[in-house]
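Colleague: Here it is, the structure, as structure tokens.
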Amino acid sequence: MIRHATAILVAALLIGLPLFYGARRLDETHDNRVSVWLPHGHRQTRDFDWFTRSFGTDQVILVSWDGCRLDDPRLECFAAAVEADRRVGDSGRPWVGAVWTGQRVAERLMAPPANLSRRQVRGRLQGVLIGPDGESTCAVLVLNDVGNRHRGAALERLQTIAQRQCRIPAEHLHLGGDIVSARAIDVEGDRAIGRLLPTAVALSFLAAWVSLRSWRLSLIVFILAQYCAFGLKGVMFFTGGHMNLLVTLVPVLVYVLALSASIHISNYYRDAVRRHSGDSAPWIALRSGWRPCSISALTTSLGLASLLVSHIPAVRTFGTYGSLGVLLAFGALIILLPAALARFPEHARESALVSRHKLFDVWLPSAIFARRASIVAVFVVATVAVGLGALRIETSVSPLRFLPHYSRVVSDARWLEEHIGPLTHYEIVVGFPEDAPWSFGARMRIVREIQRDMHRFPQVKGSTSAATYAPPLGPIGKVSTVGRAQRTILDHRLAEHAEVFEREGCVAHDGGRQWWRVTLRLAGMDAIDLKQFRRQVSQRVEATLKRAGVDNRSDIALIQTGTAPLFFAAQRELLESLVLSFVAALVTITIVMMLATGSMIAGLIVMLPNVFPAAIVFGAMGWGHIVVDIGSMMTASVALGIAVDDTLHFLTWYERGWAETRSRVLALRQAFRTSAPAMLQTTAIAGLGMAVFAFSDFQPVARFGMLMSSLLVAALVGDLIFLPAILASPLGNYFGRRKTRGTATD
């Protein structure tokens, strides 16, 4: 392979050209819809999918502005202009399926056949289309397939219409809804990565140069790491992948890991150059570092692959491409790095860190050896005591939490909640058998009573149902003979207009049932116990049916769905995914370490310093009540795989030293002297590369960068203090005997 170094590098360049093209094209694809962050396969997700199929899309945009009141002429101007617009996409078709405004709905309800008073209209629409003051209102745009395909263009177009055709200043306009949040996540995610990526790359390259003290070697490892990152993006594009705020971090992670792996191999290479001469050094370095590097790549890949246990699509995508990227990067490095070193050889030189400081030769190994029992005890107690805090972890997947607090989307959401009503929907869907004896009007009265009962919850600030748009329905119980005649006439008229209620998404038919929806607007979602709320809703629906005289209540189906239950299910899934993925990574990596050490007991013992980082960091988050978001939950499993990297390299040098000296102290000194500088260097490179993103205003990126850098530093502490103390203690008797047998001496 070394003899054909030039041919290998040229072939890599030719292979890289289409991959680099794919990397550029991948940047054009983004998918940050709310569904990406919600669990697939769960009952709540299935219920929500059925709901949107039965009652229509949930892709709506809420639009209002300062001074938007029921008598504002700009409201009708805006609604009419949006309905007539054809400038989104290239189909020449409208991009909205319907436009609802408080003004239009109020006029409809005050006209025949409803003939409601203005006071009655305000009472029915308050918290939904009319604000608490009874005058503030809004427009609700329901996107069709054209608008859904071009969400970004649709948002830009409605802003243009509002500003140019309706004379609404941009600073007065307020937009809300899942589409608005998803678009903001697209923009903020790109901005966060694009703004900080050059700094991260520059700092990691600078750290590589400081570590290697060679421009030539630094450029080699830098270029190869970039090749791995861009190559993965190309693979993602050609395999149909899409970018989202998590997937954007995968190439960055692969770049940092590839750079770190290159530093370790370069460390073996320099050792080979000092020991040997000629062109054999790259091959000797690869042979020496092959085992720890391959096991490290495998454990890191397993840590990332463990994320596949999650039902959240964005997390699964991150795990899939992250795991694939680590393996592809390892394959590229073991071929390209020796070829590059053979083509551009490096002269022998001592590590600057070792030559200037004797910390790793004498002081640190001697100090750890002298206090080995105390160190092991302190680390074990700290791991358990702090790690217990992980049981108190709280999770959140709210899209607004992703965005910086000063974001326009966040401020608009607060404005809309204050002036119109909550943006969180909770859907109660009641299913009557098609052949049930109740008339259309009787069913509507039951639904109206359910809707009224829901307002007993303090969190419910508004609601709608078919009864909201109907004339006064009268009482649900028994009425006089005259009242029965009037009710019969009204029920007949309502049945004649049943198609209208179905067309407007209030009533649907499926599975032999007629389904009626009640939409609630909930405030203070963070303080609501959704599990208890669901139970209370079921109890109140049961009580309403009983009060309405429904004898066979078991015949009536009840489904509770909407964005609120979905986010609750996603938060539970996030916590379960965090636990399951970590356990999966822990079990699989432990098995790998048992095989690597040649001992079941040694494999279990060596996992102690690798569990330490996750226990300390996530335990501290639990004790500190720091919420775990979508950018945080992945780091535990990823860091577990990465932490094994330094552990393997330290053990490799320790075993080599033990085989030569049969002395724990001397073996520890050799392991420190040869591997500790590389461990510091790789942690500095990876830590700096990740820490840069902690300064992002975009929370998932910031939290990912902060936790990854913290976990890497904790892993370094575990591998430079906890692991040597274990090896120096009686537990060290289980290590260093794969190739030779004997008794270690002090």
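Labels used: A, B, ... for chains in the order of the structure tokens, numbers from 1 for residues in each chain, and numbers from 1 for ligands as shown.
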Which polymer residues have any atom within 7 Å of an atom of segment 204-212 of chain A, counting only C-alpha atoms, with same-chain residues fewer than 6 positions away left out, as a PyMOL selection string?

Modeller: chain A and resi 218+222+681+684-686+688-689

Colleague: Extract the full set of strand (DSSP E) residues from segment 473-697 of chain A according to DSSP on the backbone, and format it as number ranges by chain.

Modeller: A: 507-510, 513-522, 557-561

Colleague: Write the residues you've just listed into a file as an mmCIF file, in the first residue's frame, and include C-alpha atoms for each of them.

Modeller:
data_model
loop_
_atom_site.group_PDB
_atom_site.id
_atom_site.type_symbol
_atom_site.label_atom_id
_atom_site.label_comp_id
_atom_site.auth_asym_id
_atom_site.auth_seq_id
_atom_site.Cartn_x
_atom_site.Cartn_y
_atom_site.Cartn_z
ATOM 1 C CA VAL A 507 -67.392 16.555 11.552
ATOM 2 C CA ALA A 508 -65.915 13.503 9.794
ATOM 3 C CA HIS A 509 -66.878 9.921 8.968
ATOM 4 C CA ASP A 510 -64.560 6.946 9.416
ATOM 5 C CA ARG A 513 -68.616 6.292 13.109
ATOM 6 C CA GLN A 514 -69.452 9.930 12.858
ATOM 7 C CA TRP A 515 -66.656 11.880 14.544
ATOM 8 C CA TRP A 516 -67.074 15.298 16.132
ATOM 9 C CA ARG A 517 -64.123 17.404 17.223
ATOM 10 C CA VAL A 518 -63.793 19.861 20.088
ATOM 11 C CA THR A 519 -60.656 22.004 19.830
ATOM 12 C CA LEU A 520 -59.294 23.464 23.055
ATOM 13 C CA ARG A 521 -56.687 26.215 23.363
ATOM 14 C CA LEU A 522 -54.484 25.496 26.384
ATOM 15 C CA ALA A 557 -65.486 6.405 21.214
ATOM 16 C CA LEU A 558 -63.189 9.092 22.576
ATOM 17 C CA ILE A 559 -59.819 10.137 21.152
ATOM 18 C CA GLN A 560 -57.609 12.848 22.647
ATOM 19 C CA THR A 561 -54.956 14.243 20.335
#

Colleague: Give me, as JSON lines, the closest atom pair and its distance (Å, one decimal) for every residue of segment 694-727 of chain A within a cut-off of 12 Å of segment 666-678 of chain A, counting only C-alpha atoms, rows sorted by chain and rising number.

Modeller:
{"residue": "A:Leu716", "atom": "CA", "partner": "A:Ala676", "partner_atom": "CA", "distance": 9.3}
{"residue": "A:Val717", "atom": "CA", "partner": "A:Ala676", "partner_atom": "CA", "distance": 11.0}
{"residue": "A:Asp719", "atom": "CA", "partner": "A:Ala676", "partner_atom": "CA", "distance": 9.1}
{"residue": "A:Leu720", "atom": "CA", "partner": "A:Ala676", "partner_atom": "CA", "distance": 7.3}
{"residue": "A:Ile721", "atom": "CA", "partner": "A:Phe672", "partner_atom": "CA", "distance": 10.5}
{"residue": "A:Leu723", "atom": "CA", "partner": "A:Leu668", "partner_atom": "CA", "distance": 10.3}
{"residue": "A:Pro724", "atom": "CA", "partner": "A:Leu668", "partner_atom": "CA", "distance": 7.0}
{"residue": "A:Ala725", "atom": "CA", "partner": "A:Leu668", "partner_atom": "CA", "distance": 9.7}
{"residue": "A:Ile726", "atom": "CA", "partner": "A:Leu668", "partner_atom": "CA", "distance": 11.0}
{"residue": "A:Leu727", "atom": "CA", "partner": "A:Leu668", "partner_atom": "CA", "distance": 8.2}

Colleague: Can you check which parts of segment 623-691 of chain A lie within 12 Å of segment 569-577 of chain A? Per residue, the shortest pair of atoms and distance in Å to one decimal, counting only C-alpha atoms, sorted by chain and number, as a tab-separated table.

Modeller:
residue	atom	partner	partner_atom	distance
A:Val627	CA	A:Gln571	CA	10.7
A:Val628	CA	A:Leu575	CA	8.3
A:Asp629	CA	A:Leu574	CA	8.0
A:Ile630	CA	A:Leu574	CA	7.4
A:Gly631	CA	A:Leu574	CA	10.6
A:Ser632	CA	A:Leu574	CA	9.9
A:Met633	CA	A:Leu574	CA	7.2
A:Met634	CA	A:Ser577	CA	8.8
A:Thr635	CA	A:Ser577	CA	11.7
A:Ala636	CA	A:Ser577	CA	10.9
A:Ser637	CA	A:Ser577	CA	10.3

Colleague: Which residues come within 8 Å of segment 120-136 of chain A, counting only C-alpha atoms, excluding same-chain residues fewer than 5 positions away, as a ChimeraX atom specification?

Modeller: /A:67-70,101-102,106,109-110,418-422,461-464,468,521

Colleague: Between A:Ile220, A:Leu545, A:Leu388, A:Val692, which residue has the minimum interatomic distance to Phe618 of chain A, considering only C-alpha atoms?

Modeller: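 Among the listed residues, A:Leu388 lies closest to Phe618 of chain A.
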
Colleague: Show me, as number ranges by chain, the residues that have an atom within 9 Å of segment 440-450 of chain A when counting only C-alpha atoms, minus same-chain residues fewer than 2 positions from it.

Modeller: A: 430, 432, 438, 452-454, 465-468, 473-476, 487-488, 490-495, 498, 516-518, 540-541, 544-545, 548

Colleague: Go ahead and dump the residues you just picked, C-alpha atoms, as a PDB file, in the first residue's frame.

Modeller:
ATOM      1  CA  VAL A 430     -66.064  11.996  20.007  1.00  0.00           C
ATOM      2  CA  PHE A 432     -70.928   8.232  17.546  1.00  0.00           C
ATOM      3  CA  TRP A 438     -79.426  10.326  18.127  1.00  0.00           C
ATOM      4  CA  ARG A 452     -68.731  23.795  27.871  1.00  0.00           C
ATOM      5  CA  ASP A 453     -67.530  21.341  30.500  1.00  0.00           C
ATOM      6  CA  MET A 454     -63.960  21.672  29.250  1.00  0.00           C
ATOM      7  CA  SER A 465     -66.651  22.834  17.763  1.00  0.00           C
ATOM      8  CA  ALA A 466     -69.479  22.489  15.265  1.00  0.00           C
ATOM      9  CA  ALA A 467     -71.738  24.076  17.898  1.00  0.00           C
ATOM     10  CA  THR A 468     -69.624  27.250  17.752  1.00  0.00           C
ATOM     11  CA  LEU A 473     -79.299  24.802  20.206  1.00  0.00           C
ATOM     12  CA  GLY A 474     -81.415  24.969  23.342  1.00  0.00           C
ATOM     13  CA  PRO A 475     -81.078  22.762  26.436  1.00  0.00           C
ATOM     14  CA  ILE A 476     -79.943  19.167  26.248  1.00  0.00           C
ATOM     15  CA  ARG A 487     -86.118  21.453  18.291  1.00  0.00           C
ATOM     16  CA  THR A 488     -87.325  19.083  15.585  1.00  0.00           C
ATOM     17  CA  LEU A 490     -83.895  23.066  14.093  1.00  0.00           C
ATOM     18  CA  ASP A 491     -82.499  19.531  14.003  1.00  0.00           C
ATOM     19  CA  HIS A 492     -83.878  19.076  10.488  1.00  0.00           C
ATOM     20  CA  ARG A 493     -82.202  22.299   9.329  1.00  0.00           C
ATOM     21  CA  LEU A 494     -78.915  21.276  10.952  1.00  0.00           C
ATOM     22  CA  ALA A 495     -79.020  17.881   9.239  1.00  0.00           C
ATOM     23  CA  ALA A 498     -74.325  18.583   7.706  1.00  0.00           C
ATOM     24  CA  TRP A 516     -67.074  15.298  16.132  1.00  0.00           C
ATOM     25  CA  ARG A 517     -64.123  17.404  17.223  1.00  0.00           C
ATOM     26  CA  VAL A 518     -63.793  19.861  20.088  1.00  0.00           C
ATOM     27  CA  ARG A 540     -65.780  14.797  32.367  1.00  0.00           C
ATOM     28  CA  VAL A 541     -66.813  13.435  28.977  1.00  0.00           C
ATOM     29  CA  THR A 544     -71.483  14.762  30.293  1.00  0.00           C
ATOM     30  CA  LEU A 545     -72.748  11.702  28.423  1.00  0.00           C
ATOM     31  CA  ALA A 548     -77.257  13.831  28.497  1.00  0.00           C
TER      32      ALA A 548
END

Colleague: When you draw a straight line from atom CA of Leu400 of chain A to atom CA of Trp50 of chain A, how long is it in Å?

Modeller: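 Between atom CA of Leu400 of chain A and atom CA of Trp50 of chain A the gap works out to 25.4 Å.
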
Colleague: Neighbours of Asp529 of chain A within 12 Å (only C-alpha atoms; same-chain residues fewer than 4 positions away dropped), as a ChimeraX atom specification?

Modeller: /A:459,524-525,533-536,564-565,568-569

Colleague: Go ahead and save the residues from that selection, with N, CA and C atoms, as a PDB file, in the first residue's frame.

Modeller:
ATOM      1  N   GLN A 459     -56.882  25.919  32.534  1.00  0.00           N
ATOM      2  CA  GLN A 459     -55.927  26.055  31.430  1.00  0.00           C
ATOM      3  C   GLN A 459     -56.612  26.318  30.092  1.00  0.00           C
ATOM      4  N   GLY A 524     -50.288  27.751  29.579  1.00  0.00           N
ATOM      5  CA  GLY A 524     -49.460  27.217  30.658  1.00  0.00           C
ATOM      6  C   GLY A 524     -49.154  25.750  30.503  1.00  0.00           C
ATOM      7  N   MET A 525     -48.773  25.330  29.270  1.00  0.00           N
ATOM      8  CA  MET A 525     -48.527  23.919  29.014  1.00  0.00           C
ATOM      9  C   MET A 525     -47.451  23.330  29.913  1.00  0.00           C
ATOM     10  N   PHE A 533     -54.375  15.317  33.082  1.00  0.00           N
ATOM     11  CA  PHE A 533     -55.350  16.083  32.306  1.00  0.00           C
ATOM     12  C   PHE A 533     -56.158  15.164  31.393  1.00  0.00           C
ATOM     13  N   ARG A 534     -55.501  14.207  30.756  1.00  0.00           N
ATOM     14  CA  ARG A 534     -56.206  13.256  29.887  1.00  0.00           C
ATOM     15  C   ARG A 534     -57.232  12.458  30.691  1.00  0.00           C
ATOM     16  N   ARG A 535     -56.830  12.036  31.865  1.00  0.00           N
ATOM     17  CA  ARG A 535     -57.745  11.258  32.705  1.00  0.00           C
ATOM     18  C   ARG A 535     -58.948  12.098  33.114  1.00  0.00           C
ATOM     19  N   GLN A 536     -58.711  13.357  33.465  1.00  0.00           N
ATOM     20  CA  GLN A 536     -59.810  14.236  33.874  1.00  0.00           C
ATOM     21  C   GLN A 536     -60.741  14.537  32.701  1.00  0.00           C
ATOM     22  N   ALA A 564     -50.563  19.314  21.874  1.00  0.00           N
ATOM     23  CA  ALA A 564     -50.209  19.192  23.291  1.00  0.00           C
ATOM     24  C   ALA A 564     -49.922  17.736  23.677  1.00  0.00           C
ATOM     25  N   PRO A 565     -50.825  16.777  23.401  1.00  0.00           N
ATOM     26  CA  PRO A 565     -50.498  15.384  23.716  1.00  0.00           C
ATOM     27  C   PRO A 565     -49.285  14.874  22.955  1.00  0.00           C
ATOM     28  N   PHE A 568     -46.209  16.061  24.702  1.00  0.00           N
ATOM     29  CA  PHE A 568     -46.077  15.309  25.944  1.00  0.00           C
ATOM     30  C   PHE A 568     -45.508  13.921  25.653  1.00  0.00           C
ATOM     31  N   ALA A 569     -46.030  13.266  24.613  1.00  0.00           N
ATOM     32  CA  ALA A 569     -45.511  11.948  24.234  1.00  0.00           C
ATOM     33  C   ALA A 569     -44.060  12.047  23.793  1.00  0.00           C
TER      34      ALA A 569
END

Colleague: Identify which of the residues A:Glu499, A:Glu188, A:Gly177, A:Gly389 lies closest to Ala702 of chain A, counting only C-alpha atoms when measuring atom-to-atom distances.

Modeller: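 Using only C-alpha atoms, Ala702 of chain A sits closest to A:Glu188.
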
Colleague: So that I can check the secondary structure, give me every residue of segment 271-391 of chain A assigned alpha helix (DSSP H) by backbone DSSP, as a PyMOL selection string.

Modeller: chain A and resi 271-275+281-305+313-343+352-356+364-370+372-387

Colleague: From the list A:Phe650, A:Phe330, A:Phe20, A:Trp95, which residue is nearest Met236 of chain A when using only C-alpha atoms?

Modeller: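 Distance minimum relative to Met236 of chain A lands on A:Phe20.
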
Colleague: Show which residues sit within 8 Å of Ala98 of chain A, as a list in words. Count only C-alpha atoms, and ignore same-chain residues fewer than 4 positions away.

Modeller: Glu83, Leu141, Val142 and Leu143 of chain A

Colleague: For Ala714 of chain A, which of A:Leu307, A:Ile368, A:Ala643, A:Ala377 is the closest residue, counting only C-alpha atoms?

Modeller: A:Ala643

Colleague: To one decimal place in Å, what is the distance between atom CA of Thr563 of chain A and atom CA of Tyr426 of chain A?

Modeller: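 So the answer is 6.4 Å.
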
Colleague: At a cut-off of 7 Å, using only C-alpha atoms, what residues contact Ile8 of chain A? Leave out same-chain residues fewer than 4 positions from it and give the result as a PyMOL selection string.

Modeller: chain A and resi 4+12+339

Colleague: Please write the residues from the selection above to a file, keeping N, CA and C atoms, as a PDB file, in the first residue's frame.

Modeller:
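As written to disk, part18.pdb reads:
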ATOM      1  N   HIS A   4       2.263   2.475  -3.279  1.00  0.00           N
ATOM      2  CA  HIS A   4       1.300   3.086  -4.195  1.00  0.00           C
ATOM      3  C   HIS A   4       0.607   4.285  -3.556  1.00  0.00           C
ATOM      4  N   ALA A  12      -8.364   8.863  -4.238  1.00  0.00           N
ATOM      5  CA  ALA A  12      -9.206   9.508  -3.230  1.00  0.00           C
ATOM      6  C   ALA A  12      -9.727  10.847  -3.727  1.00  0.00           C
ATOM      7  N   ALA A 339      -0.822   6.624   3.570  1.00  0.00           N
ATOM      8  CA  ALA A 339      -0.378   6.999   2.226  1.00  0.00           C
ATOM      9  C   ALA A 339       0.157   8.422   2.203  1.00  0.00           C
TER      10      ALA A 339
END

Colleague: Between atom CA of Ile489 of chain A and atom CA of Pro112 of chain A, what is the distance, to one decimal in Å?

Modeller: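 Interatomic distance here is 15.3 Å.
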
Colleague: Go through A:Arg553, A:Arg53, A:Leu17, A:Val256 and flag the residue nearest Ala202 of chain A, using only C-alpha atoms for the distances.

Modeller: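 Under the stated criterion, the closest residue is A:Val256.
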